[in-house]
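Some notes on the structure that comes next.
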Amino acid sequence: MSALIVIDVQNDFCPGGALAVAEGDQIIEGINALMDDSEAVIFTQDWHPADHGSFASQHDGKSPYETVEMPYGTQVLWPDHCVIGSCGSAFQPDLNLNRAEMVIRKGFRREIDSYSAFFENDHTTPTGLDGYLRTRGITSLTLAGLATDFCVAYSAIDAAKLGFEVTVRLDLCRAIDLDGSLAAAKDQMTAAGVTLL
Ligand code: VGL
Ligand code: ZN
């Protein structure tokens with residue numbers, strides 16, 4: 001059985017949002033259409049407390065897109081985004097939510113960020129999605145959403161490492177692309193055995 005995983009198609013990642021991804025809204029029609037061909041549909045939602053450690057605002061003297069060392073490694077600092085319950089954290093209103101069988105929220109612990117739908121950024125703390133998919137007999141995944149080079153890539157690589165057959169629909173993703181991060185993410189996904197379409 002296969003599933004479509006729609007990654008973080010939220011207001012803050014779309015034009016006008018706090019961490020807007022260029023053309024982030026232009027993938028939504030295609031994602032809605034792809035749901036019609038999908039056996040199961042799962043959404044992820046970036047979901048941060050207002051004092052989340054990935055926010056530059058929580059680090060004196062730091063600006064967005066600088067980095068800090070966290071106990072789990074280097075962390076990019078972001079503008080405040082996807083604050084729990086805010087309008088920015090809501091799904092972009094054009095996204096069809098009717099097919100959502102599961103919404104997995106991530107990044108809700110103040111002290112750790114979570115790009116991947118499977119593990120937080122320590123690569124150890126599970127979100128529970130692996131168990132959910134296995135329990136449902138889902139072995140093949142198609143990923144689409146935002147952002148290609150962060151949450152989509154981290155999710156795709158973790159999924160491939162966990163043994164899922166993974167395809168990323170690059171035409172239905174858009175990237176942040178900090179310092180060549182899109183090219184690096186594509187190389188890492190390919191190396192992990194992810195099919196890029
Ligand atoms: C994301 C940066 C911070 C993403 C989430 O969805 O790719 N990027 N939080
Ligand atoms: Zn985030």
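We name chains A, B, ... following the order of the structure tokens; residues begin at 1 in each chain, and ligands are numbered from 1 as shown.
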Using only C-alpha atoms and all ligand atoms, I'd like a table of the residues in chain A that come within 7 Å of ligand 1; for each, show the closest atom pair and its distance in Å rounded to one decimal, ordered by chain and ascending number, as JSON lines.
{"residue": "A:Ile7", "atom": "CA", "partner": "ligand 1", "partner_atom_place_in_ligand_line": "6 (O)", "distance": 6.9}
{"residue": "A:Asp8", "atom": "CA", "partner": "ligand 1", "partner_atom_place_in_ligand_line": "6 (O)", "distance": 5.2}
{"residue": "A:Asp46", "atom": "CA", "partner": "ligand 1", "partner_atom_place_in_ligand_line": "5 (C)", "distance": 6.0}
{"residue": "A:Trp78", "atom": "CA", "partner": "ligand 1", "partner_atom_place_in_ligand_line": "3 (C)", "distance": 6.3}
{"residue": "A:Tyr115", "atom": "CA", "partner": "ligand 1", "partner_atom_place_in_ligand_line": "5 (C)", "distance": 5.7}
{"residue": "A:Leu146", "atom": "CA", "partner": "ligand 1", "partner_atom_place_in_ligand_line": "6 (O)", "distance": 5.2}
{"residue": "A:Ala147", "atom": "CA", "partner": "ligand 1", "partner_atom_place_in_ligand_line": "7 (O)", "distance": 3.8}
{"residue": "A:Thr148", "atom": "CA", "partner": "ligand 1", "partner_atom_place_in_ligand_line": "7 (O)", "distance": 6.7}
{"residue": "A:Asp149", "atom": "CA", "partner": "ligand 1", "partner_atom_place_in_ligand_line": "7 (O)", "distance": 6.7}
{"residue": "A:Phe150", "atom": "CA", "partner": "ligand 1", "partner_atom_place_in_ligand_line": "7 (O)", "distance": 4.1}
{"residue": "A:Cys151", "atom": "CA", "partner": "ligand 1", "partner_atom_place_in_ligand_line": "7 (O)", "distance": 3.8}
{"residue": "A:Val152", "atom": "CA", "partner": "ligand 1", "partner_atom_place_in_ligand_line": "7 (O)", "distance": 6.4}
Please save C-alpha atoms of the selected residues as a PDB file, in the first residue's frame.
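Output (selection-v3.pdb):
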ATOM      1  CA  ILE A   7       4.746  18.226   4.006  1.00  0.00           C
ATOM      2  CA  ASP A   8       4.093  21.558   5.788  1.00  0.00           C
ATOM      3  CA  ASP A  46       5.234  22.391  11.638  1.00  0.00           C
ATOM      4  CA  TRP A  78      14.627  30.906  11.543  1.00  0.00           C
ATOM      5  CA  TYR A 115      12.441  18.932  10.061  1.00  0.00           C
ATOM      6  CA  LEU A 146       7.570  22.596   1.602  1.00  0.00           C
ATOM      7  CA  ALA A 147      10.410  23.067   1.771  1.00  0.00           C
ATOM      8  CA  THR A 148      12.270  20.781  -0.643  1.00  0.00           C
ATOM      9  CA  ASP A 149      15.654  21.296   0.998  1.00  0.00           C
ATOM     10  CA  PHE A 150      14.564  21.073   4.641  1.00  0.00           C
ATOM     11  CA  CYS A 151      11.457  19.227   5.756  1.00  0.00           C
ATOM     12  CA  VAL A 152      10.861  17.345   2.501  1.00  0.00           C
TER      13      VAL A 152
END
* **Per-residue DSSP, segment 168-197 of chain A, filtered to helix (DSSP H, G or I), as a list in words** =>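 Those residues are Ser181, Leu182, Ala183, Ala184, Ala185, Lys186, Asp187, Gln188, Met189, Thr190 and Ala191 of chain A.
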Could you write out that same residue set with N, CA and C atoms as a short mmCIF file (atom, residue, chain, number, x, y, z; two decimals), in the first residue's frame?
data_model
loop_
_atom_site.label_atom_id
_atom_site.label_comp_id
_atom_site.auth_asym_id
_atom_site.auth_seq_id
_atom_site.Cartn_x
_atom_site.Cartn_y
_atom_site.Cartn_z
N SER A 181 21.62 24.96 -0.51
CA SER A 181 21.04 23.82 0.22
C SER A 181 20.14 22.96 -0.65
N LEU A 182 19.59 23.51 -1.74
CA LEU A 182 18.73 22.70 -2.61
C LEU A 182 19.55 21.65 -3.36
N ALA A 183 20.69 22.07 -3.93
CA ALA A 183 21.53 21.12 -4.66
C ALA A 183 22.04 20.03 -3.72
N ALA A 184 22.46 20.44 -2.51
CA ALA A 184 22.96 19.47 -1.53
C ALA A 184 21.87 18.48 -1.15
N ALA A 185 20.66 19.00 -0.94
CA ALA A 185 19.56 18.13 -0.54
C ALA A 185 19.23 17.12 -1.63
N LYS A 186 19.26 17.56 -2.88
CA LYS A 186 18.97 16.62 -3.99
C LYS A 186 20.02 15.52 -4.03
N ASP A 187 21.29 15.90 -3.88
CA ASP A 187 22.36 14.89 -3.89
C ASP A 187 22.17 13.90 -2.74
N GLN A 188 21.83 14.42 -1.56
CA GLN A 188 21.68 13.53 -0.40
C GLN A 188 20.48 12.61 -0.55
N MET A 189 19.42 13.14 -1.15
CA MET A 189 18.24 12.28 -1.37
C MET A 189 18.58 11.17 -2.37
N THR A 190 19.25 11.54 -3.45
CA THR A 190 19.62 10.54 -4.45
C THR A 190 20.52 9.47 -3.83
N ALA A 191 21.49 9.92 -3.02
CA ALA A 191 22.42 8.97 -2.39
C ALA A 191 21.69 8.03 -1.44
#
* To do: Can you tell me which residues come within 8 Å of ligand 2 when counting only C-alpha atoms and all ligand atoms, ideally as a list in words?
  =>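 These are the residues that qualify: Asp46, Trp47, His48, Ser54, Trp78, His81, Cys82, Gly107, Asp113, Ser114 and Tyr115 of chain A.
The shortest atom-to-atom distance to Leu129 of chain A, with only C-alpha atoms taken into account, belongs to A:Ile104 out of A:Gly16, A:Tyr65, A:Ile104, A:Gly73.
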* To do: Compare A:Val103, A:Leu19, A:Ile27, A:Leu162 by their minimum atom-to-atom distance to Pro126 of chain A, counting only C-alpha atoms, and give me the closest one.
  =>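 Selected residue with least distance to Pro126 of chain A: A:Leu162.
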* **Of the listed residues A:Glu120, A:Glu66, A:Glu39, A:Glu29, that which approaches Asp94 of chain A most closely, counting only C-alpha atoms** => A:Glu29
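Closest approach to His123 of chain A among A:Val6, A:Ile157, A:Leu170, A:Ala192 is made by A:Ile157 (distances from only C-alpha atoms).
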Identify, with DSSP run on backbone atoms, the residues in segment 21-137 of chain A assigned to strand (DSSP E or B), and express the list as an mmCIF file with all heavy atoms, in the first residue's frame.
data_model
loop_
_atom_site.group_PDB
_atom_site.id
_atom_site.type_symbol
_atom_site.label_atom_id
_atom_site.label_comp_id
_atom_site.auth_asym_id
_atom_site.auth_seq_id
_atom_site.Cartn_x
_atom_site.Cartn_y
_atom_site.Cartn_z
ATOM 1 N N VAL A 41 -3.614 9.434 2.473
ATOM 2 C CA VAL A 41 -3.044 10.782 2.475
ATOM 3 C C VAL A 41 -2.765 11.204 3.919
ATOM 4 O O VAL A 41 -3.648 11.114 4.785
ATOM 5 C CB VAL A 41 -3.969 11.806 1.786
ATOM 6 C CG1 VAL A 41 -3.292 13.170 1.738
ATOM 7 C CG2 VAL A 41 -4.345 11.352 0.377
ATOM 8 N N ILE A 42 -1.534 11.649 4.138
ATOM 9 C CA ILE A 42 -1.074 12.039 5.465
ATOM 10 C C ILE A 42 -0.462 13.431 5.343
ATOM 11 O O ILE A 42 0.204 13.734 4.346
ATOM 12 C CB ILE A 42 -0.040 11.007 5.963
ATOM 13 C CG1 ILE A 42 -0.753 9.672 6.206
ATOM 14 C CG2 ILE A 42 0.683 11.483 7.218
ATOM 15 C CD1 ILE A 42 0.098 8.481 6.010
ATOM 16 N N PHE A 43 -0.719 14.274 6.319
ATOM 17 C CA PHE A 43 -0.186 15.640 6.305
ATOM 18 C C PHE A 43 0.793 15.811 7.458
ATOM 19 O O PHE A 43 0.591 15.230 8.526
ATOM 20 C CB PHE A 43 -1.306 16.663 6.523
ATOM 21 C CG PHE A 43 -2.242 16.823 5.360
ATOM 22 C CD1 PHE A 43 -3.068 15.793 4.962
ATOM 23 C CD2 PHE A 43 -2.303 18.021 4.683
ATOM 24 C CE1 PHE A 43 -3.942 15.951 3.888
ATOM 25 C CE2 PHE A 43 -3.170 18.192 3.617
ATOM 26 C CZ PHE A 43 -3.988 17.160 3.215
ATOM 27 N N THR A 44 1.809 16.649 7.248
ATOM 28 C CA THR A 44 2.607 17.098 8.386
ATOM 29 C C THR A 44 2.372 18.585 8.599
ATOM 30 O O THR A 44 2.017 19.321 7.685
ATOM 31 C CB THR A 44 4.115 16.844 8.216
ATOM 32 O OG1 THR A 44 4.630 17.689 7.183
ATOM 33 C CG2 THR A 44 4.399 15.391 7.884
ATOM 34 N N GLN A 45 2.570 19.011 9.838
ATOM 35 C CA GLN A 45 2.323 20.400 10.237
ATOM 36 C C GLN A 45 3.422 20.827 11.201
ATOM 37 O O GLN A 45 3.550 20.257 12.290
ATOM 38 C CB GLN A 45 0.930 20.482 10.881
ATOM 39 C CG GLN A 45 0.433 21.893 11.104
ATOM 40 C CD GLN A 45 -1.035 21.925 11.528
ATOM 41 O OE1 GLN A 45 -1.555 20.951 12.085
ATOM 42 N NE2 GLN A 45 -1.693 23.049 11.293
ATOM 43 N N ASP A 46 4.200 21.809 10.780
ATOM 44 C CA ASP A 46 5.234 22.391 11.638
ATOM 45 C C ASP A 46 4.508 23.138 12.762
ATOM 46 O O ASP A 46 3.577 23.919 12.487
ATOM 47 C CB ASP A 46 6.068 23.359 10.768
ATOM 48 C CG ASP A 46 7.511 23.469 11.189
ATOM 49 O OD1 ASP A 46 8.129 22.442 11.529
ATOM 50 O OD2 ASP A 46 8.046 24.605 11.157
ATOM 51 N N HIS A 48 5.266 24.951 16.407
ATOM 52 C CA HIS A 48 6.269 25.376 17.386
ATOM 53 C C HIS A 48 5.674 26.229 18.513
ATOM 54 O O HIS A 48 4.888 27.142 18.236
ATOM 55 C CB HIS A 48 7.332 26.241 16.715
ATOM 56 C CG HIS A 48 8.097 25.566 15.617
ATOM 57 N ND1 HIS A 48 8.692 24.332 15.754
ATOM 58 C CD2 HIS A 48 8.395 25.971 14.352
ATOM 59 C CE1 HIS A 48 9.314 24.018 14.626
ATOM 60 N NE2 HIS A 48 9.141 24.981 13.766
ATOM 61 N N PHE A 55 14.093 29.569 16.797
ATOM 62 C CA PHE A 55 13.771 30.946 16.409
ATOM 63 C C PHE A 55 14.947 31.857 16.769
ATOM 64 O O PHE A 55 15.408 31.867 17.924
ATOM 65 C CB PHE A 55 12.515 31.453 17.136
ATOM 66 C CG PHE A 55 11.224 30.741 16.785
ATOM 67 C CD1 PHE A 55 10.074 30.987 17.528
ATOM 68 C CD2 PHE A 55 11.144 29.857 15.713
ATOM 69 C CE1 PHE A 55 8.867 30.363 17.211
ATOM 70 C CE2 PHE A 55 9.942 29.218 15.399
ATOM 71 C CZ PHE A 55 8.804 29.472 16.151
ATOM 72 N N THR A 67 23.481 30.389 12.373
ATOM 73 C CA THR A 67 23.360 29.070 12.999
ATOM 74 C C THR A 67 23.803 29.143 14.460
ATOM 75 O O THR A 67 24.515 30.075 14.853
ATOM 76 C CB THR A 67 24.217 28.019 12.262
ATOM 77 O OG1 THR A 67 25.578 28.447 12.290
ATOM 78 C CG2 THR A 67 23.757 27.832 10.822
ATOM 79 N N VAL A 68 23.359 28.160 15.225
ATOM 80 C CA VAL A 68 23.859 27.980 16.598
ATOM 81 C C VAL A 68 24.168 26.497 16.773
ATOM 82 O O VAL A 68 23.651 25.647 16.041
ATOM 83 C CB VAL A 68 22.830 28.373 17.689
ATOM 84 C CG1 VAL A 68 22.698 29.871 17.812
ATOM 85 C CG2 VAL A 68 21.494 27.712 17.474
ATOM 86 N N GLU A 69 25.000 26.215 17.759
ATOM 87 C CA GLU A 69 25.268 24.817 18.107
ATOM 88 C C GLU A 69 24.282 24.398 19.193
ATOM 89 O O GLU A 69 24.203 25.017 20.243
ATOM 90 C CB GLU A 69 26.708 24.632 18.584
ATOM 91 C CG GLU A 69 27.751 24.863 17.488
ATOM 92 C CD GLU A 69 27.489 24.065 16.212
ATOM 93 O OE1 GLU A 69 27.167 22.856 16.307
ATOM 94 O OE2 GLU A 69 27.581 24.656 15.112
ATOM 95 N N MET A 70 23.524 23.375 18.899
ATOM 96 C CA MET A 70 22.598 22.794 19.868
ATOM 97 C C MET A 70 23.216 21.466 20.328
ATOM 98 O O MET A 70 24.114 20.942 19.663
ATOM 99 C CB MET A 70 21.248 22.523 19.209
ATOM 100 C CG MET A 70 20.554 23.763 18.678
ATOM 101 S SD MET A 70 19.904 24.801 19.995
ATOM 102 C CE MET A 70 18.406 25.397 19.200
ATOM 103 N N GLY A 73 23.588 19.195 17.493
ATOM 104 C CA GLY A 73 24.322 19.599 16.294
ATOM 105 C C GLY A 73 23.979 21.020 15.888
ATOM 106 O O GLY A 73 23.350 21.759 16.635
ATOM 107 N N THR A 74 24.424 21.380 14.679
ATOM 108 C CA THR A 74 24.224 22.746 14.190
ATOM 109 C C THR A 74 22.770 22.949 13.797
ATOM 110 O O THR A 74 22.173 22.104 13.132
ATOM 111 C CB THR A 74 25.143 22.986 12.977
ATOM 112 O OG1 THR A 74 26.486 22.726 13.382
ATOM 113 C CG2 THR A 74 25.035 24.423 12.480
ATOM 114 N N GLN A 75 22.232 24.079 14.224
ATOM 115 C CA GLN A 75 20.826 24.398 13.948
ATOM 116 C C GLN A 75 20.759 25.745 13.234
ATOM 117 O O GLN A 75 21.314 26.728 13.719
ATOM 118 C CB GLN A 75 20.045 24.455 15.275
ATOM 119 C CG GLN A 75 18.638 25.008 15.184
ATOM 120 C CD GLN A 75 17.657 24.056 14.507
ATOM 121 O OE1 GLN A 75 17.615 22.873 14.822
ATOM 122 N NE2 GLN A 75 16.880 24.573 13.559
ATOM 123 N N VAL A 76 20.094 25.788 12.090
ATOM 124 C CA VAL A 76 19.808 27.074 11.431
ATOM 125 C C VAL A 76 18.751 27.796 12.257
ATOM 126 O O VAL A 76 17.789 27.177 12.729
ATOM 127 C CB VAL A 76 19.301 26.852 9.992
ATOM 128 C CG1 VAL A 76 18.948 28.189 9.332
ATOM 129 C CG2 VAL A 76 20.316 26.086 9.153
ATOM 130 N N TRP A 78 15.693 30.488 12.462
ATOM 131 C CA TRP A 78 14.627 30.906 11.543
ATOM 132 C C TRP A 78 13.879 32.096 12.113
ATOM 133 O O TRP A 78 13.873 32.308 13.337
ATOM 134 C CB TRP A 78 13.640 29.738 11.339
ATOM 135 C CG TRP A 78 14.274 28.498 10.830
ATOM 136 C CD1 TRP A 78 14.512 27.353 11.535
ATOM 137 C CD2 TRP A 78 14.769 28.263 9.507
ATOM 138 N NE1 TRP A 78 15.124 26.422 10.726
ATOM 139 C CE2 TRP A 78 15.289 26.958 9.484
ATOM 140 C CE3 TRP A 78 14.829 29.023 8.344
ATOM 141 C CZ2 TRP A 78 15.859 26.392 8.333
ATOM 142 C CZ3 TRP A 78 15.389 28.466 7.201
ATOM 143 C CH2 TRP A 78 15.896 27.174 7.200
ATOM 144 N N VAL A 83 3.823 29.188 14.770
ATOM 145 C CA VAL A 83 3.573 29.178 16.216
ATOM 146 C C VAL A 83 2.218 28.502 16.469
ATOM 147 O O VAL A 83 1.223 28.797 15.785
ATOM 148 C CB VAL A 83 3.614 30.611 16.780
ATOM 149 C CG1 VAL A 83 3.148 30.636 18.234
ATOM 150 C CG2 VAL A 83 5.037 31.167 16.664
ATOM 151 N N PHE A 91 -2.990 25.304 7.886
ATOM 152 C CA PHE A 91 -2.777 24.879 6.498
ATOM 153 C C PHE A 91 -3.237 25.991 5.557
ATOM 154 O O PHE A 91 -4.234 26.685 5.845
ATOM 155 C CB PHE A 91 -3.529 23.583 6.208
ATOM 156 C CG PHE A 91 -2.932 22.387 6.908
ATOM 157 C CD1 PHE A 91 -3.611 21.738 7.928
ATOM 158 C CD2 PHE A 91 -1.669 21.925 6.552
ATOM 159 C CE1 PHE A 91 -3.045 20.657 8.581
ATOM 160 C CE2 PHE A 91 -1.100 20.837 7.202
ATOM 161 C CZ PHE A 91 -1.788 20.197 8.212
ATOM 162 N N MET A 102 -4.415 11.412 8.633
ATOM 163 C CA MET A 102 -3.521 11.572 9.781
ATOM 164 C C MET A 102 -2.805 12.896 9.596
ATOM 165 O O MET A 102 -2.381 13.208 8.491
ATOM 166 C CB MET A 102 -2.510 10.416 9.759
ATOM 167 C CG MET A 102 -1.313 10.591 10.634
ATOM 168 S SD MET A 102 -1.751 10.193 12.324
ATOM 169 C CE MET A 102 -0.145 9.889 13.007
ATOM 170 N N VAL A 103 -2.710 13.667 10.658
ATOM 171 C CA VAL A 103 -1.887 14.879 10.641
ATOM 172 C C VAL A 103 -0.811 14.697 11.697
ATOM 173 O O VAL A 103 -1.135 14.458 12.868
ATOM 174 C CB VAL A 103 -2.710 16.144 10.950
ATOM 175 C CG1 VAL A 103 -1.794 17.370 11.006
ATOM 176 C CG2 VAL A 103 -3.816 16.345 9.913
ATOM 177 N N ILE A 104 0.429 14.744 11.258
ATOM 178 C CA ILE A 104 1.513 14.569 12.215
ATOM 179 C C ILE A 104 2.147 15.931 12.488
ATOM 180 O O ILE A 104 2.578 16.609 11.575
ATOM 181 C CB ILE A 104 2.514 13.506 11.730
ATOM 182 C CG1 ILE A 104 3.497 13.146 12.829
ATOM 183 C CG2 ILE A 104 3.265 13.882 10.489
ATOM 184 C CD1 ILE A 104 3.361 11.738 13.263
ATOM 185 N N ARG A 105 2.112 16.348 13.734
ATOM 186 C CA ARG A 105 2.692 17.631 14.124
ATOM 187 C C ARG A 105 4.099 17.399 14.633
ATOM 188 O O ARG A 105 4.382 16.373 15.263
ATOM 189 C CB ARG A 105 1.819 18.292 15.175
ATOM 190 C CG ARG A 105 0.529 18.802 14.563
ATOM 191 C CD ARG A 105 -0.399 19.347 15.601
ATOM 192 N NE ARG A 105 -1.488 20.079 14.994
ATOM 193 C CZ ARG A 105 -2.606 20.423 15.626
ATOM 194 N NH1 ARG A 105 -2.761 20.110 16.898
ATOM 195 N NH2 ARG A 105 -3.545 21.085 15.005
ATOM 196 N N LYS A 106 4.955 18.369 14.351
ATOM 197 C CA LYS A 106 6.372 18.205 14.706
ATOM 198 C C LYS A 106 6.966 19.548 15.081
ATOM 199 O O LYS A 106 6.511 20.591 14.620
ATOM 200 C CB LYS A 106 7.133 17.593 13.532
ATOM 201 C CG LYS A 106 7.026 18.417 12.280
ATOM 202 C CD LYS A 106 7.635 17.719 11.091
ATOM 203 C CE LYS A 106 7.515 18.569 9.852
ATOM 204 N NZ LYS A 106 8.172 19.886 9.947
ATOM 205 N N PHE A 119 11.769 11.725 12.514
ATOM 206 C CA PHE A 119 12.614 11.931 13.695
ATOM 207 C C PHE A 119 12.886 13.413 13.877
ATOM 208 O O PHE A 119 13.018 14.149 12.902
ATOM 209 C CB PHE A 119 13.974 11.223 13.538
ATOM 210 C CG PHE A 119 13.878 9.730 13.470
ATOM 211 C CD1 PHE A 119 13.990 9.076 12.262
ATOM 212 C CD2 PHE A 119 13.664 8.979 14.620
ATOM 213 C CE1 PHE A 119 13.880 7.692 12.182
ATOM 214 C CE2 PHE A 119 13.569 7.600 14.560
ATOM 215 C CZ PHE A 119 13.674 6.951 13.332
ATOM 216 N N PRO A 126 11.550 9.834 18.001
ATOM 217 C CA PRO A 126 10.600 9.537 16.928
ATOM 218 C C PRO A 126 9.329 10.376 17.026
ATOM 219 O O PRO A 126 8.890 10.737 18.114
ATOM 220 C CB PRO A 126 10.276 8.054 17.156
ATOM 221 C CG PRO A 126 10.472 7.844 18.622
ATOM 222 C CD PRO A 126 11.493 8.855 19.095
#
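Comparing the minimum interatomic distances between Gly145 of chain A and each of A:Met1, A:Ala18, A:Leu197, A:Val9, counting only C-alpha atoms, we find that A:Val9 sits nearest.
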* Could you jot down the atom CA of Asp37 of chain A to atom CA of Gly88 of chain A separation for me, Å, one decimal place? =>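 Calculated distance between atom CA of Asp37 of chain A and atom CA of Gly88 of chain A is 28.6 Å.
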* Nearest candidate to Leu77 of chain A (options A:Ala159, A:Ile176, A:Ile5, A:Ala56; using only C-alpha atoms) ->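 The closest residue to Leu77 of chain A is A:Ala56.
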* Can you pull out every residue within 6 Å of Val166 of chain A, counting only C-alpha atoms, but drop anything in the same chain fewer than 4 positions away, and send it as a PyMOL selection string? => chain A and resi 141-142+194
Write a file of the selected residues as a CSV table (one decimal), in the first residue's frame, keeping N, CA and C atoms.
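Output saved as selection_29.csv:
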chain,number,residue,atom,x,y,z
A,141,LEU,N,6.0,5.5,-0.4
A,141,LEU,CA,5.6,6.9,-0.1
A,141,LEU,C,5.9,7.8,-1.2
A,142,THR,N,5.0,8.7,-1.4
A,142,THR,CA,5.3,9.9,-2.3
A,142,THR,C,5.2,11.1,-1.5
A,194,VAL,N,16.4,7.7,-2.8
A,194,VAL,CA,15.1,8.4,-3.1
A,194,VAL,C,15.0,8.6,-4.5
